[in-house]
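Participant: Would you mind keeping the following structure in view while I ask a few things?
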Amino acid sequence: MPKYNSFKEQMRRNLVALISLVVAITSLSYNSWRNEQSEENRTQRLVAIDALMKLGELQQLVYHNHYDRDTTDKGNPRTGWTLVLIIRDITTILEEPLPQASESLRATWAAHWANLGDSTEAKDAIEDSIESLRGDLLAMLSALD
């Protein structure tokens with residue numbers, strides 16, 4: 001059995017094994033990172049889609065309240081509060097500016113919900129806030145890998 005005297009000789013003899021080890025570790029690291037990114041993007045998509053659906057429900061409620069003067073069923077402001085708070089809560093896990101935009105929607109709703117049926121200004125302010133958040137959500141969705 002030959003004796004390997006030098007480190008250089010041992011490296012030369014085991015070069016293929018060492019290269020294979022480096023490639024395997026690099027591949028495993030990249031695969032793990034990619035899986036984490038994919039899961040994060042999947043979570044962001046699901047939350048954003050849910051928020052968009054809740055925004056649609058809120059928009060519909062605003063129209064029923066303002067145009068149909070229905071404050072007891074489809075345009076009930078208490079239901080609006082529920083939707084606004086759900087939107088704010090679910091967007092907290094999204095990246096900025098989405099939590100800030102949802103907080104802006106909550107503040108706008110708080111300032112204008114009482115006059116929604118009577119005031120075009122109130123309806124417009126709430127609609128603008130909804131559209132701003134919707135635009136931010138759609139921009140975030142299109143930016144995901």
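How things are named: the first chain in the structure tokens is A, the next is B, and so on; residues count from 1 in each chain; ligands count from 1 in the order shown.
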List every residue of region 1-142 of chain A that DSSP, applied to the backbone of this structure, assigns to helix (DSSP H, G or I), and report them as a VMD selection string.

Facilitator: chain A and resid 7 to 13 15 to 67 77 to 91 98 to 115 120 to 142

Participant: List the spatial neighbours of Ser142 (chain A) as a list in words - criterion: any atom at most 12 Å away, only C-alpha atoms, same-chain residues fewer than 6 positions off excluded.

Facilitator: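 In the requested form, the answer reads Asn41, Gln44, Arg45, Ala48, Ile49, Gly135 and Asp136 of chain A.
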
Participant: Find the residues of region 25-96 of chain A that sit at most 10 Å from region 108-123 of chain A; for each, write down the nearest two atoms and how far apart they are in Å, to one decimal. Count only C-alpha atoms. Sort by chain, then by number going up, and give it as a Markdown table.

Facilitator:
| residue | atom | partner | partner_atom | distance |
| --- | --- | --- | --- | --- |
| A:Gln59 | CA | A:Lys123 | CA | 9.8 |
| A:Val62 | CA | A:Lys123 | CA | 7.0 |
| A:Tyr63 | CA | A:Lys123 | CA | 8.3 |
| A:His64 | CA | A:Gly117 | CA | 8.8 |
| A:Asn65 | CA | A:Gly117 | CA | 5.4 |
| A:His66 | CA | A:Gly117 | CA | 4.1 |
| A:Tyr67 | CA | A:Gly117 | CA | 7.3 |
| A:Asp68 | CA | A:Gly117 | CA | 8.4 |
| A:Arg69 | CA | A:Gly117 | CA | 5.9 |
| A:Asp70 | CA | A:Gly117 | CA | 8.3 |
| A:Thr71 | CA | A:Gly117 | CA | 8.1 |
| A:Gly75 | CA | A:Gly117 | CA | 9.1 |
| A:Pro77 | CA | A:Trp113 | CA | 6.7 |
| A:Arg78 | CA | A:Trp113 | CA | 9.5 |
| A:Gly80 | CA | A:Trp113 | CA | 8.3 |
| A:Trp81 | CA | A:Trp109 | CA | 7.8 |
| A:Val84 | CA | A:Trp109 | CA | 7.6 |

Participant: Restricting it to N, CA and C atoms, dump the selection as a short mmCIF file (atom, residue, chain, number, x, y, z; two decimals), in the first residue's frame.

Facilitator:
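Wrote it out as again_34.cif, contents follow:
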data_model
loop_
_atom_site.label_atom_id
_atom_site.label_comp_id
_atom_site.auth_asym_id
_atom_site.auth_seq_id
_atom_site.Cartn_x
_atom_site.Cartn_y
_atom_site.Cartn_z
N GLN A 59 -65.62 47.36 -1.76
CA GLN A 59 -66.05 48.25 -2.85
C GLN A 59 -67.54 48.06 -3.12
N VAL A 62 -69.53 49.67 -0.41
CA VAL A 62 -69.55 51.13 -0.57
C VAL A 62 -70.61 51.52 -1.60
N TYR A 63 -70.66 50.81 -2.71
CA TYR A 63 -71.66 51.12 -3.74
C TYR A 63 -73.08 50.90 -3.24
N HIS A 64 -73.31 49.80 -2.54
CA HIS A 64 -74.66 49.54 -2.00
C HIS A 64 -75.05 50.62 -1.00
N ASN A 65 -74.13 51.02 -0.17
CA ASN A 65 -74.43 52.03 0.84
C ASN A 65 -74.67 53.39 0.19
N HIS A 66 -73.78 53.78 -0.72
CA HIS A 66 -73.87 55.13 -1.30
C HIS A 66 -74.98 55.25 -2.34
N TYR A 67 -75.03 54.35 -3.30
CA TYR A 67 -75.96 54.48 -4.40
C TYR A 67 -77.35 53.92 -4.08
N ASP A 68 -77.41 52.80 -3.37
CA ASP A 68 -78.69 52.18 -3.08
C ASP A 68 -79.26 52.60 -1.72
N ARG A 69 -78.45 53.31 -0.95
CA ARG A 69 -78.84 53.74 0.40
C ARG A 69 -79.23 52.54 1.27
N ASP A 70 -78.58 51.42 1.03
CA ASP A 70 -78.85 50.21 1.79
C ASP A 70 -77.86 50.14 2.95
N THR A 71 -78.30 50.50 4.14
CA THR A 71 -77.41 50.48 5.30
C THR A 71 -77.72 49.32 6.24
N GLY A 75 -75.09 47.08 2.37
CA GLY A 75 -74.25 48.26 2.56
C GLY A 75 -74.04 48.60 4.02
N PRO A 77 -72.50 49.43 7.34
CA PRO A 77 -71.18 49.92 7.73
C PRO A 77 -70.44 49.02 8.72
N ARG A 78 -71.18 48.28 9.55
CA ARG A 78 -70.51 47.36 10.47
C ARG A 78 -69.79 46.25 9.69
N GLY A 80 -68.65 46.73 6.76
CA GLY A 80 -67.51 47.46 6.20
C GLY A 80 -66.35 47.53 7.18
N TRP A 81 -66.68 47.80 8.45
CA TRP A 81 -65.63 47.81 9.47
C TRP A 81 -64.95 46.45 9.54
N VAL A 84 -62.63 46.06 6.54
CA VAL A 84 -61.46 46.94 6.65
C VAL A 84 -60.46 46.36 7.66
#
